[in-house]
$ cat structure.txt   # compact mmCIF, C-alpha atoms and all ligand atoms
# COMPACT_ATOMS: atom_id res chain seq x y z
CA MET K 153 -20.06 -18.10 13.02
CA LYS K 154 -21.99 -15.47 14.93
CA ILE K 155 -20.85 -12.01 15.96
CA ALA K 156 -20.96 -12.00 19.78
CA SER K 157 -19.90 -8.44 20.53
CA ILE K 158 -18.90 -5.16 18.91
CA SER K 159 -17.27 -2.19 20.51
CA ALA K 160 -15.60 0.96 19.24
CA TYR K 161 -13.23 3.44 20.82
CA GLN K 162 -11.00 6.37 19.95
CA VAL K 163 -7.35 5.79 19.02
CA PHE K 164 -4.90 8.07 17.19
CA ASP K 165 -3.51 8.09 13.68
CA SER K 166 0.00 8.81 12.35
CA ARG K 167 -0.55 12.58 12.59
CA GLY K 168 -1.72 12.18 16.19
CA GLN K 169 -5.33 12.89 15.20
CA PRO K 170 -8.22 10.95 16.73
CA THR K 171 -9.67 8.09 14.71
CA ILE K 172 -12.01 5.18 15.33
CA GLU K 173 -11.12 1.56 15.95
CA ALA K 174 -13.72 -1.18 16.28
CA GLU K 175 -13.33 -4.59 17.81
CA VAL K 176 -15.49 -7.51 16.77
CA ALA K 177 -15.65 -10.70 18.87
CA LEU K 178 -17.16 -13.95 17.65
CA GLN K 179 -18.98 -16.72 19.47
CA ASP K 180 -15.82 -18.87 19.49
CA GLY K 181 -13.88 -16.12 21.25
CA THR K 182 -12.01 -14.84 18.15
CA ARG K 183 -11.39 -11.10 18.33
CA SER K 184 -10.18 -8.62 15.73
CA CYS K 185 -9.89 -4.90 15.17
CA GLY K 186 -10.29 -2.51 12.28
CA THR K 187 -8.69 0.96 12.44
CA VAL K 188 -9.75 3.71 10.03
CA PRO K 189 -7.24 6.05 8.34
CA SER K 190 -7.88 9.67 7.39
CA GLY K 191 -7.03 11.92 4.43
CA ALA K 192 -5.83 15.53 4.31
CA SER K 193 -6.35 16.25 0.61
CA THR K 194 -9.79 14.73 0.90
CA GLY K 195 -11.95 14.64 -2.22
CA GLN K 196 -15.30 16.45 -2.11
CA PHE K 197 -17.08 13.29 -3.37
CA GLU K 198 -15.78 11.04 -0.59
CA ALA K 199 -18.05 9.36 1.93
CA LEU K 200 -18.33 11.43 5.09
CA GLU K 201 -15.82 11.12 7.89
CA LEU K 202 -17.86 11.93 10.99
CA ARG K 203 -16.07 14.12 13.54
CA ASP K 204 -17.59 15.81 16.54
CA GLY K 205 -16.74 19.36 15.49
CA ASP K 206 -16.54 20.70 19.05
CA PRO K 207 -13.55 23.04 19.08
CA ARG K 208 -13.08 22.49 22.84
CA LYS K 209 -12.57 18.76 22.33
CA PHE K 210 -9.57 17.55 20.35
CA ARG K 211 -9.84 20.72 18.23
CA GLY K 212 -13.10 19.46 16.79
CA LYS K 213 -11.54 16.22 15.59
CA SER K 214 -12.79 13.68 18.16
CA VAL K 215 -14.94 10.80 16.88
CA PHE K 216 -17.26 10.11 19.82
CA LYS K 217 -20.42 10.54 17.69
CA ALA K 218 -19.16 7.87 15.29
CA ILE K 219 -18.39 5.63 18.26
CA ALA K 220 -21.90 6.18 19.67
CA ASN K 221 -23.34 5.27 16.28
CA VAL K 222 -21.48 1.96 16.36
CA HIS K 223 -22.80 1.21 19.85
CA ASP K 224 -26.36 2.51 19.52
CA ILE K 225 -27.27 1.86 15.87
CA ILE K 226 -24.89 -0.63 14.25
CA ARG K 227 -24.38 -3.03 17.16
CA PRO K 228 -28.05 -3.92 17.75
CA ALA K 229 -28.50 -4.67 14.04
CA VAL K 230 -25.38 -6.74 13.62
CA LEU K 231 -25.06 -8.78 16.84
CA GLY K 232 -25.80 -12.45 16.21
CA ARG K 233 -25.21 -12.12 12.47
CA ASP K 234 -22.98 -14.50 10.49
CA VAL K 235 -19.54 -12.93 10.26
CA PHE K 236 -18.81 -14.81 7.03
CA ASP K 237 -21.58 -12.85 5.30
CA GLN K 238 -19.48 -9.71 4.74
CA ARG K 239 -21.74 -8.53 1.93
CA GLY K 240 -24.86 -8.86 4.08
CA LEU K 241 -23.23 -7.11 7.05
CA ASP K 242 -22.03 -4.24 4.91
CA GLN K 243 -25.42 -3.92 3.20
CA THR K 244 -27.14 -3.80 6.59
CA MET K 245 -24.92 -0.89 7.63
CA ILE K 246 -25.44 0.87 4.28
CA ASP K 247 -29.22 0.52 4.75
CA LEU K 248 -29.10 1.68 8.37
CA ASP K 249 -27.28 4.77 7.22
CA GLY K 250 -29.58 5.38 4.27
CA THR K 251 -27.68 8.32 2.75
CA PRO K 252 -25.59 8.35 -0.45
CA ASN K 253 -22.41 9.47 1.37
CA LYS K 254 -22.87 7.70 4.73
CA LYS K 255 -23.33 10.99 6.51
CA ARG K 256 -25.80 9.72 9.08
CA LEU K 257 -23.63 7.09 10.75
CA GLY K 258 -20.28 8.23 9.33
CA ALA K 259 -18.22 6.22 6.86
CA ASN K 260 -15.56 5.93 9.56
CA ALA K 261 -18.01 4.24 11.96
CA ILE K 262 -19.19 1.82 9.28
CA LEU K 263 -15.74 1.02 7.92
CA ALA K 264 -14.25 0.28 11.35
CA VAL K 265 -16.86 -2.45 11.86
CA SER K 266 -16.59 -3.67 8.25
CA MET K 267 -12.80 -4.08 8.50
CA ALA K 268 -12.93 -5.65 11.97
CA ALA K 269 -15.55 -8.16 10.84
CA ALA K 270 -13.48 -9.20 7.80
CA GLN K 271 -10.37 -9.60 9.93
CA ALA K 272 -12.25 -11.60 12.57
CA ALA K 273 -13.79 -13.84 9.91
CA ALA K 274 -10.37 -14.57 8.45
CA ARG K 275 -9.02 -15.39 11.89
CA ALA K 276 -11.94 -17.67 12.68
CA ARG K 277 -11.23 -19.60 9.50
CA GLY K 278 -7.54 -19.75 10.35
CA GLU K 279 -6.69 -17.97 7.09
CA PRO K 280 -4.57 -14.91 6.43
CA LEU K 281 -6.76 -11.90 5.62
CA HIS K 282 -5.80 -11.83 1.93
CA ALA K 283 -6.92 -15.45 1.47
CA TYR K 284 -10.24 -14.65 3.11
CA LEU K 285 -10.78 -11.54 0.96
CA GLY K 286 -10.00 -13.16 -2.36
CA PRO K 287 -8.06 -15.77 -4.31
CA GLY K 288 -5.31 -13.42 -5.54
CA ASN K 289 -1.60 -14.17 -5.25
CA LEU K 290 -0.05 -11.22 -7.11
CA LEU K 291 2.43 -9.20 -5.03
CA PRO K 292 1.89 -5.50 -5.72
CA LEU K 293 4.34 -3.12 -7.37
CA PRO K 294 4.75 -0.25 -4.88
CA GLU K 295 4.57 3.46 -5.66
CA ILE K 296 6.84 5.00 -3.03
CA GLN K 297 6.94 8.69 -2.18
CA ILE K 298 10.37 10.35 -2.21
CA THR K 299 9.32 13.94 -1.48
CA GLY K 300 6.05 15.12 0.00
CA GLY K 301 4.26 18.34 -0.88
CA GLY K 302 0.82 19.90 -1.08
CA ALA K 303 -1.42 19.42 1.94
CA HIS K 304 1.08 16.94 3.41
CA ALA K 305 4.05 19.32 3.64
CA ASN K 306 2.61 22.80 4.06
CA TRP K 307 2.75 23.35 0.27
CA ARG K 308 6.54 23.07 -0.04
CA THR K 309 5.73 21.93 -3.56
CA ASP K 310 2.37 22.39 -5.26
CA VAL K 311 2.46 18.85 -6.63
CA GLN K 312 1.56 16.60 -3.69
CA ASP K 313 3.64 13.46 -4.25
CA TYR K 314 6.81 12.72 -6.16
CA LEU K 315 7.04 8.96 -6.16
CA LEU K 316 9.28 6.18 -7.35
CA ILE K 317 8.24 3.03 -9.16
CA ALA K 318 10.95 0.37 -9.34
CA THR K 319 10.13 -0.59 -12.91
CA GLY K 320 13.20 -2.80 -13.32
CA ALA K 321 12.57 -4.97 -10.28
CA ARG K 322 12.05 -8.66 -10.88
CA SER K 323 10.89 -9.46 -7.37
CA TYR K 324 9.29 -7.69 -4.45
CA ALA K 325 12.60 -7.98 -2.59
CA GLU K 326 14.30 -6.14 -5.44
CA VAL K 327 11.66 -3.38 -5.27
CA MET K 328 12.54 -2.91 -1.62
CA GLU K 329 16.24 -2.76 -2.45
CA ILE K 330 15.92 -0.26 -5.31
CA THR K 331 13.57 1.88 -3.24
CA TYR K 332 15.85 1.78 -0.21
CA ASN K 333 18.82 2.87 -2.31
CA VAL K 334 17.02 5.69 -4.11
CA TYR K 335 15.23 6.98 -0.99
CA HIS K 336 18.49 7.28 0.92
CA ALA K 337 20.35 8.71 -2.08
CA ALA K 338 17.69 11.44 -2.32
CA GLY K 339 18.16 12.22 1.38
CA GLU K 340 21.90 12.43 0.92
CA ILE K 341 21.56 14.90 -1.96
CA LEU K 342 19.14 17.08 0.01
CA LYS K 343 21.43 17.12 3.05
CA LYS K 344 24.44 18.02 0.94
CA ARG K 345 22.54 20.99 -0.56
CA GLY K 346 21.17 22.20 2.76
CA LYS K 347 17.63 21.36 1.62
CA TYR K 348 16.87 18.62 4.12
CA PHE K 349 14.04 19.49 6.50
CA GLY K 350 13.01 16.08 7.82
CA VAL K 351 10.02 14.18 6.50
CA ALA K 352 6.45 15.08 5.53
CA ASP K 353 3.20 13.38 6.58
CA GLU K 354 3.77 10.25 4.49
CA GLY K 355 7.46 9.86 5.30
CA GLY K 356 8.85 11.38 2.08
CA TYR K 357 11.34 14.21 2.47
CA TRP K 358 10.05 17.66 3.33
CA PRO K 359 11.94 19.66 0.73
CA ASP K 360 12.86 23.26 0.21
CA PHE K 361 12.56 23.75 -3.52
CA LYS K 362 12.15 26.87 -5.65
CA SER K 363 10.08 25.11 -8.29
CA ASN K 364 8.02 21.99 -8.75
CA GLU K 365 10.39 20.80 -11.43
CA GLU K 366 13.28 20.75 -8.96
CA ALA K 367 11.70 17.70 -7.34
CA LEU K 368 11.72 15.89 -10.70
CA GLN K 369 15.42 16.73 -11.10
CA LEU K 370 16.12 15.42 -7.59
CA LEU K 371 14.44 12.12 -8.39
CA VAL K 372 16.46 11.61 -11.55
CA GLU K 373 19.68 12.49 -9.71
CA ALA K 374 18.83 10.17 -6.82
CA ILE K 375 18.10 7.27 -9.18
CA GLU K 376 21.46 7.85 -10.86
CA LEU K 377 23.38 8.32 -7.60
CA ALA K 378 21.96 5.00 -6.40
CA GLY K 379 23.45 3.39 -9.50
CA TYR K 380 20.31 2.87 -11.54
CA GLN K 381 19.18 3.99 -14.97
CA PRO K 382 16.20 6.38 -14.86
CA GLY K 383 13.32 5.07 -16.92
CA ARG K 384 14.65 1.54 -17.02
CA ASP K 385 15.31 0.48 -13.42
CA ALA K 386 13.20 3.11 -11.78
CA ALA K 387 10.62 5.60 -13.03
CA ILE K 388 8.76 8.58 -11.63
CA SER K 389 5.14 8.74 -10.59
CA LEU K 390 3.31 11.93 -9.62
CA ASP K 391 0.22 12.63 -7.59
CA VAL K 392 -0.61 16.17 -8.66
CA ALA K 393 -3.72 16.24 -6.44
CA ALA K 394 -4.88 18.95 -8.85
CA SER K 395 -8.23 19.56 -7.13
CA ASP K 396 -6.20 21.38 -4.47
CA LEU K 397 -4.62 23.63 -7.14
CA PHE K 398 -7.83 24.46 -8.97
CA ASP K 399 -9.83 27.63 -8.51
CA GLU K 400 -13.45 26.84 -9.42
CA ALA K 401 -14.26 30.52 -9.87
CA THR K 402 -11.53 31.32 -12.41
CA GLY K 403 -11.11 27.81 -13.83
CA LYS K 404 -7.33 28.12 -13.38
CA TYR K 405 -4.69 25.88 -11.86
CA ARG K 406 -2.19 27.61 -9.61
CA PHE K 407 1.40 26.82 -8.63
CA SER K 408 1.82 29.11 -5.61
CA LEU K 409 5.49 28.23 -5.20
CA GLU K 410 6.24 29.67 -8.63
CA GLN K 411 3.47 32.29 -8.77
CA ARG K 412 2.18 30.75 -11.99
CA GLU K 413 -1.35 30.16 -13.23
CA PHE K 414 -2.51 27.82 -15.96
CA SER K 415 -5.65 27.29 -17.97
CA THR K 416 -6.72 23.64 -18.30
CA ALA K 417 -5.00 23.38 -21.69
CA GLU K 418 -1.84 25.04 -20.37
CA PHE K 419 -1.72 22.73 -17.37
CA ALA K 420 -2.16 19.67 -19.60
CA ALA K 421 0.66 20.99 -21.80
CA LEU K 422 2.93 21.44 -18.77
CA LEU K 423 2.35 17.83 -17.69
CA GLU K 424 2.93 16.62 -21.24
CA ASP K 425 6.20 18.54 -21.37
CA TRP K 426 7.32 16.99 -18.04
CA CYS K 427 6.50 13.54 -19.39
CA ALA K 428 8.60 14.24 -22.48
CA ARG K 429 11.62 15.36 -20.43
CA TYR K 430 11.46 13.07 -17.38
CA PRO K 431 10.88 9.31 -17.06
CA ILE K 432 7.33 9.66 -15.75
CA ILE K 433 5.27 6.49 -15.97
CA SER K 434 2.25 7.45 -13.90
CA ILE K 435 0.25 10.58 -13.01
CA GLU K 436 -2.52 10.70 -10.44
CA ASP K 437 -5.15 13.45 -10.38
CA PRO K 438 -3.58 15.53 -13.18
CA MET K 439 -6.78 17.58 -13.26
CA ALA K 440 -9.39 18.68 -10.72
CA ASP K 441 -12.27 16.38 -9.83
CA THR K 442 -14.77 18.68 -11.56
CA ASP K 443 -12.70 19.37 -14.70
CA TRP K 444 -13.67 16.32 -16.79
CA GLU K 445 -12.75 18.08 -20.02
CA GLY K 446 -9.26 18.50 -18.64
CA TRP K 447 -9.16 14.80 -17.79
CA GLN K 448 -10.18 13.87 -21.32
CA MET K 449 -7.53 16.19 -22.70
CA VAL K 450 -4.80 14.61 -20.56
CA PHE K 451 -5.95 11.10 -21.37
CA GLN K 452 -6.00 11.79 -25.11
CA LYS K 453 -2.50 13.25 -25.00
CA MET K 454 -0.84 10.72 -22.70
CA GLY K 455 -3.14 7.81 -21.99
CA GLN K 456 -1.21 5.43 -24.25
CA ARG K 457 2.14 6.10 -22.58
CA VAL K 458 1.40 7.01 -18.98
CA GLN K 459 -0.80 5.48 -16.31
CA ILE K 460 -3.47 8.08 -15.54
CA ILE K 461 -4.93 7.44 -12.07
CA GLY K 462 -8.13 8.97 -10.75
CA ASP K 463 -8.30 9.56 -6.99
CA ASP K 464 -10.42 12.57 -6.01
CA VAL K 465 -12.32 12.28 -9.29
CA PHE K 466 -13.56 8.72 -8.51
CA THR K 467 -13.31 8.44 -4.69
CA THR K 468 -13.60 4.63 -4.92
CA ASN K 469 -17.25 5.17 -5.86
CA ILE K 470 -18.58 2.65 -8.39
CA THR K 471 -20.98 5.12 -10.00
CA ARG K 472 -18.19 7.66 -10.55
CA ILE K 473 -15.75 4.99 -11.79
CA ARG K 474 -18.34 3.74 -14.31
CA ALA K 475 -18.87 7.30 -15.57
CA GLY K 476 -15.11 7.71 -15.95
CA ILE K 477 -14.83 4.46 -17.89
CA GLU K 478 -17.61 5.57 -20.23
CA LYS K 479 -15.97 8.94 -20.83
CA ARG K 480 -12.47 7.44 -21.09
CA ILE K 481 -10.83 9.90 -18.75
CA ALA K 482 -8.20 7.62 -17.17
CA ASN K 483 -6.83 4.08 -17.17
CA ALA K 484 -6.41 3.47 -13.45
CA VAL K 485 -8.30 4.07 -10.20
CA LEU K 486 -6.92 4.82 -6.76
CA ILE K 487 -8.64 2.59 -4.21
CA LYS K 488 -9.12 3.85 -0.66
CA LEU K 489 -11.39 1.96 1.75
CA ASN K 490 -12.48 5.03 3.68
CA GLN K 491 -13.45 6.99 0.57
CA ILE K 492 -16.43 4.66 0.20
CA GLY K 493 -16.80 3.14 3.68
CA THR K 494 -17.23 -0.65 3.40
CA VAL K 495 -15.02 -3.58 2.46
CA THR K 496 -17.67 -4.91 0.08
CA GLU K 497 -17.99 -1.68 -1.91
CA THR K 498 -14.19 -1.43 -2.09
CA LEU K 499 -13.96 -4.94 -3.52
CA GLU K 500 -16.69 -3.98 -6.00
CA ALA K 501 -14.80 -0.85 -7.06
CA ILE K 502 -11.71 -2.97 -7.74
CA ARG K 503 -13.76 -5.47 -9.73
CA VAL K 504 -15.43 -2.78 -11.87
CA THR K 505 -12.02 -1.22 -12.53
CA GLN K 506 -10.45 -4.51 -13.57
CA GLU K 507 -13.39 -5.53 -15.75
CA ALA K 508 -12.90 -2.35 -17.76
CA GLY K 509 -9.28 -3.31 -18.37
CA TRP K 510 -8.10 -0.52 -16.06
CA LEU K 511 -5.66 -0.89 -13.17
CA PRO K 512 -6.61 -0.48 -9.51
CA VAL K 513 -3.97 1.09 -7.24
CA VAL K 514 -4.70 0.21 -3.63
CA SER K 515 -3.82 3.18 -1.44
CA ALA K 516 -3.25 4.32 2.12
CA ARG K 517 -4.21 7.78 3.43
CA SER K 518 -1.92 10.54 4.59
CA GLY K 519 -3.20 9.95 8.12
CA GLU K 520 -2.51 6.26 8.57
CA THR K 521 -2.54 3.65 11.30
CA GLU K 522 -0.59 0.49 12.05
CA ASP K 523 -3.39 -1.57 10.46
CA ALA K 524 -1.99 -3.36 7.37
CA PHE K 525 -5.38 -4.33 5.90
CA ILE K 526 -4.57 -2.75 2.51
CA ALA K 527 -1.52 -4.96 1.93
CA HIS K 528 -3.89 -7.95 2.10
CA LEU K 529 -6.50 -6.21 -0.03
CA ALA K 530 -3.94 -5.60 -2.80
CA VAL K 531 -2.82 -9.24 -2.90
CA ALA K 532 -6.33 -10.69 -2.51
CA THR K 533 -7.59 -8.83 -5.58
CA ASN K 534 -4.48 -9.12 -7.77
CA ALA K 535 -4.61 -5.33 -7.90
CA GLY K 536 -0.98 -5.20 -8.98
CA GLN K 537 -0.09 -1.87 -7.33
CA LEU K 538 0.09 -0.44 -3.82
CA LYS K 539 0.62 3.19 -2.75
CA VAL K 540 1.41 3.74 0.91
CA GLY K 541 3.52 6.89 1.04
CA SER K 542 7.22 6.70 1.60
CA PHE K 543 9.92 4.37 2.86
CA SER K 544 10.05 5.58 6.46
CA ARG K 545 7.66 5.86 9.45
CA SER K 546 6.21 2.66 10.85
CA GLU K 547 2.64 3.27 9.65
CA ARG K 548 4.06 3.13 6.09
CA MET K 549 6.61 0.38 6.65
CA ALA K 550 3.90 -1.76 8.30
CA LYS K 551 2.33 -2.18 4.87
CA TRP K 552 5.52 -2.80 2.89
CA ASN K 553 6.62 -5.30 5.54
CA GLU K 554 3.26 -7.03 5.54
CA VAL K 555 3.70 -7.79 1.83
CA ILE K 556 7.01 -9.46 2.72
CA ARG K 557 5.18 -11.62 5.26
CA ILE K 558 2.42 -12.44 2.77
CA GLU K 559 5.02 -13.47 0.21
CA ARG K 560 6.64 -15.81 2.75
CA ARG K 561 3.33 -17.40 3.63
CA LEU K 562 2.32 -17.83 -0.01
CA ALA K 563 5.75 -19.35 -0.63
CA GLY K 564 5.89 -20.73 -4.17
CA ALA K 565 2.35 -19.57 -4.97
CA ALA K 566 3.22 -15.84 -4.88
CA ARG K 567 3.52 -14.06 -8.25
CA PHE K 568 5.28 -10.83 -9.12
CA VAL K 569 4.96 -9.19 -12.53
CA GLY K 570 6.30 -5.78 -11.49
CA SER K 571 5.97 -3.16 -14.19
CA GLY K 572 4.59 -5.89 -16.48
CA ILE K 573 1.24 -4.83 -15.03
CA PHE K 574 1.38 -1.71 -17.24
CA GLN K 575 1.20 -3.78 -20.44
CA GLN K 576 -2.53 -4.02 -19.80
CA ILE K 577 -3.04 -0.28 -20.19
CA LEU K 578 0.02 1.06 -22.03
CA PRO K 579 0.32 -0.74 -25.34
CA ALA K 580 2.67 1.99 -26.60
CA LYS K 581 5.16 1.20 -23.81
CA SER K 582 5.48 -2.47 -24.58
CA ASP K 583 6.44 -2.33 -28.26
P1 LIG I 1 -4.82 11.99 1.33
O1 LIG I 1 -3.65 11.89 0.28
O2 LIG I 1 -4.88 10.72 2.10
O3 LIG I 1 -4.43 13.18 2.16
O4 LIG I 1 -6.09 12.23 0.55
C1 LIG I 1 -3.38 10.73 -0.45
C2 LIG I 1 -3.63 10.94 -1.92
O5 LIG I 1 -4.03 12.02 -2.36
O6 LIG I 1 -3.46 10.00 -2.69
ZN ZN I 2 -4.17 11.29 -4.53
$ encode --input "structure.txt" --output "structure tokens" --more "lines below"
Ligand code: PGA
Ligand code: ZN
Amino acid sequence: MKIASISAYQVFDSRGQPTIEAEVALQDGTRSCGTVPSGASTGQFEALELRDGDPRKFRGKSVFKAIANVHDIIRPAVLGRDVFDQRGLDQTMIDLDGTPNKKRLGANAILAVSMAAAQAAARARGEPLHAYLGPGNLLPLPEIQITGGGAHANWRTDVQDYLLIATGARSYAEVMEITYNVYHAAGEILKKRGKYFGVADEGGYWPDFKSNEEALQLLVEAIELAGYQPGRDAAISLDVAASDLFDEATGKYRFSLEQREFSTAEFAALLEDWCARYPIISIEDPMADTDWEGWQMVFQKMGQRVQIIGDDVFTTNITRIRAGIEKRIANAVLIKLNQIGTVTETLEAIRVTQEAGWLPVVSARSGETEDAFIAHLAVATNAGQLKVGSFSRSERMAKWNEVIRIERRLAGAARFVGSGIFQQILPAKSD
């Protein structure tokens, strides 16, 4: 099935920022789009998101250069190609770009076409996207943000995400119910205390706390108020996004909210103490992307009891993930399509992660779109976990709802193991 046309244009993400969408049409008339999300706490090792940088145009954020690259460079090379050869298409774009971080064409330009082609191919075959991407049938366990912080909430907390994992859920529907109850209980508590200031970029509450620990206390209280047992029915997950707290010059981590500074060892000790006092089952980016000794320290202390996820440290980059596996710095990898820039490389990153016995966590960005591609990606690969931000705002709910639709279509073939997924990496938890 040949690609008959490709076009790209500017649309807007959930923060109202410009982003690129591509449309691919096939010789049989099938059409599909791919829309690229965008991060705020972007890792320094990510593939390049090409923006125009002209302050007079969309405050420098427009993506017309990326769009021109799709039209002038990618389109001539890809028109007439077989849409079912995703690997070949992606490789062609990687070769056309020719740089390690896709800075010539822009990872956003490449990914828009890559996603649109995959979606069009699935449509042409009459299959749902997940079935086209892979044979998986495992419904993911969501990580759902309750309060936002860091770069997503003007540093109201230094820790970026305080999230909920419905560890006691026996079905995806039960995850939705537990999450719904805890999310709204947390809102109720914040309102009652005069600490409710709407929602942050990913739909979690925008809090007004005096310390980072206050958010942990809120989560425990919200779980209890909703009628659940913390640690059994629902547990806490953190994304520290520690690269944003790290000062390369002094080698210190800083909590601005509390005017505190930590050496690597002190910061690891703080996280260990939190894990001892709160039902924390997962920590993402506990250390900065350059502080591999810190990562090893955290993993040695907690890697048997807590899921340790690398986001900025790996940036969905197979070379970096392999290095992390060799050095044993984590047991899970955050997977973001636009950190690496093609569907094929993302699938590869998931495969490398799983082959090492680690867990992939498929993730959205803080600047999202209505495209629910990642819900399909999580199911297709049996990733087991999905992180999309909170339980409000349609760009978030689009993904949670898409999993509901996938479950319906899979009917009896859908599987859900919930927190059983952690048995693979946390032997200490399962005895
Ligand atoms: P980002 O945040 O999309 O702003 O990078 C998400 C995350 O850090 O996981
Ligand atoms: Zn992160």
$ residues_around --input "structure.txt" --residues "Pro228 in chain K" --least-positions-apart "4" --cutoff "12 Å" --atoms "all atoms listed in the file" --output "NGL selection string"
:K and (155-159 or 220-224 or 232-233 or 244-245 or 248)
$ write_last_selection --input "structure.txt" --atoms "C-alpha atoms" --output "PDB file, in the coordinates of the input"
ATOM      1  CA  ILE K 155     -20.850 -12.010  15.960  1.00  0.00           C
ATOM      2  CA  ALA K 156     -20.960 -12.000  19.780  1.00  0.00           C
ATOM      3  CA  SER K 157     -19.900  -8.440  20.530  1.00  0.00           C
ATOM      4  CA  ILE K 158     -18.900  -5.160  18.910  1.00  0.00           C
ATOM      5  CA  SER K 159     -17.270  -2.190  20.510  1.00  0.00           C
ATOM      6  CA  ALA K 220     -21.900   6.180  19.670  1.00  0.00           C
ATOM      7  CA  ASN K 221     -23.340   5.270  16.280  1.00  0.00           C
ATOM      8  CA  VAL K 222     -21.480   1.960  16.360  1.00  0.00           C
ATOM      9  CA  HIS K 223     -22.800   1.210  19.850  1.00  0.00           C
ATOM     10  CA  ASP K 224     -26.360   2.510  19.520  1.00  0.00           C
ATOM     11  CA  GLY K 232     -25.800 -12.450  16.210  1.00  0.00           C
ATOM     12  CA  ARG K 233     -25.210 -12.120  12.470  1.00  0.00           C
ATOM     13  CA  THR K 244     -27.140  -3.800   6.590  1.00  0.00           C
ATOM     14  CA  MET K 245     -24.920  -0.890   7.630  1.00  0.00           C
ATOM     15  CA  LEU K 248     -29.100   1.680   8.370  1.00  0.00           C
TER      16      LEU K 248
END
$ atom_distance --input "structure.txt" --atom1 "CA of Lys539 in chain K" --atom2 "CA of Arg277 in chain K"
28.5 Å
$ residues_near_ligand --input "structure.txt" --ligand "ligand LIG 1 (chain I)" --cutoff "6 Å" --atoms "all atoms listed in the file" --output "VMD selection string"
chain K and resid 191 to 194 393 517 to 518
$ closest_residue --input "structure.txt" --among "K:His304, K:Arg561, K:Lys343, K:Lys209" --to "ligand ZN 2 (chain I)" --atoms "all atoms listed in the file"
K:His304
$ closest_atom_pairs --input "structure.txt" --of "chain K" --to "ligand ZN 2 (chain I)" --cutoff "7 Å" --atoms "all atoms listed in the file" --output "JSON lines"
{"residue": "K:Asp391", "atom": "CA", "partner": "I:ZN2", "partner_atom": "ZN", "distance": 5.5}
{"residue": "K:Ala393", "atom": "CA", "partner": "I:ZN2", "partner_atom": "ZN", "distance": 5.3}
{"residue": "K:Glu436", "atom": "CA", "partner": "I:ZN2", "partner_atom": "ZN", "distance": 6.2}
{"residue": "K:Asp437", "atom": "CA", "partner": "I:ZN2", "partner_atom": "ZN", "distance": 6.3}
{"residue": "K:Asp463", "atom": "CA", "partner": "I:ZN2", "partner_atom": "ZN", "distance": 5.1}
{"residue": "K:Asp464", "atom": "CA", "partner": "I:ZN2", "partner_atom": "ZN", "distance": 6.5}
$ residues_around --input "structure.txt" --residues "Asp353 in chain K" --least-positions-apart "5" --cutoff "10 Å" --atoms "all atoms listed in the file" --output "list in words"
Ser166, Arg167, Ala192, Gly300, Gly301, Ala303, His304, Ala305, Asn306, Trp358, Arg517, Ser518, Gly519, Glu520, Gly541, Ser542 and Arg545 of chain K
$ closest_residue --input "structure.txt" --among "K:Ile341, K:Ala177, K:Ala401, K:Ala199" --to "Thr467 in chain K" --atoms "all atoms listed in the file"
K:Ala199
$ residues_around --input "structure.txt" --residues "Gln459 in chain K" --least-positions-apart "6" --cutoff "9 Å" --atoms "all atoms listed in the file" --output "list in words"
Ser389, Ile433, Ser434, Ile435, Glu436, Ala482, Asn483, Ala484, Leu511, Phe574, Ile577 and Leu578 of chain K
$ closest_residue --input "structure.txt" --among "K:Leu529, K:Arg384, K:Ala229, K:Arg557" --to "Ile246 in chain K" --atoms "all atoms listed in the file"
K:Ala229
$ atom_distance --input "structure.txt" --atom1 "CA of His336 in chain K" --atom2 "CA of Asp385 in chain K"
16.2 Å
$ residues_around --input "structure.txt" --residues "Val495 in chain K" --least-positions-apart "4" --cutoff "9 Å" --atoms "all atoms listed in the file" --output "list in words"
Gln238, Arg239, Asp242, Leu263, Ser266, Met267, Ala270, Leu489, Leu499 and Glu500 of chain K
$ decode --input "structure.txt" --residues "range 435-441 of chain K" --atoms "N, CA and C atoms" --output "PDB file, in the first residue's frame"
ATOM      1  N   ILE K 435       9.610   5.504  42.038  1.00  0.00           N
ATOM      2  CA  ILE K 435      10.235   6.839  41.962  1.00  0.00           C
ATOM      3  C   ILE K 435      10.885   7.005  40.597  1.00  0.00           C
ATOM      4  N   GLU K 436      10.514   8.081  39.934  1.00  0.00           N
ATOM      5  CA  GLU K 436      11.117   8.405  38.639  1.00  0.00           C
ATOM      6  C   GLU K 436      12.145   9.520  38.820  1.00  0.00           C
ATOM      7  N   ASP K 437      13.213   9.436  38.065  1.00  0.00           N
ATOM      8  CA  ASP K 437      14.284  10.437  38.105  1.00  0.00           C
ATOM      9  C   ASP K 437      14.604  10.912  39.531  1.00  0.00           C
ATOM     10  N   PRO K 438      15.020   9.979  40.404  1.00  0.00           N
ATOM     11  CA  PRO K 438      15.399  10.362  41.759  1.00  0.00           C
ATOM     12  C   PRO K 438      16.704  11.159  41.773  1.00  0.00           C
ATOM     13  N   MET K 439      17.470  11.040  40.721  1.00  0.00           N
ATOM     14  CA  MET K 439      18.752  11.740  40.621  1.00  0.00           C
ATOM     15  C   MET K 439      18.858  12.401  39.249  1.00  0.00           C
ATOM     16  N   ALA K 440      19.787  13.330  39.125  1.00  0.00           N
ATOM     17  CA  ALA K 440      19.972  14.058  37.866  1.00  0.00           C
ATOM     18  C   ALA K 440      20.510  13.141  36.771  1.00  0.00           C
ATOM     19  N   ASP K 441      20.287  13.539  35.536  1.00  0.00           N
ATOM     20  CA  ASP K 441      20.673  12.691  34.397  1.00  0.00           C
ATOM     21  C   ASP K 441      22.181  12.535  34.247  1.00  0.00           C
TER      22      ASP K 441
END
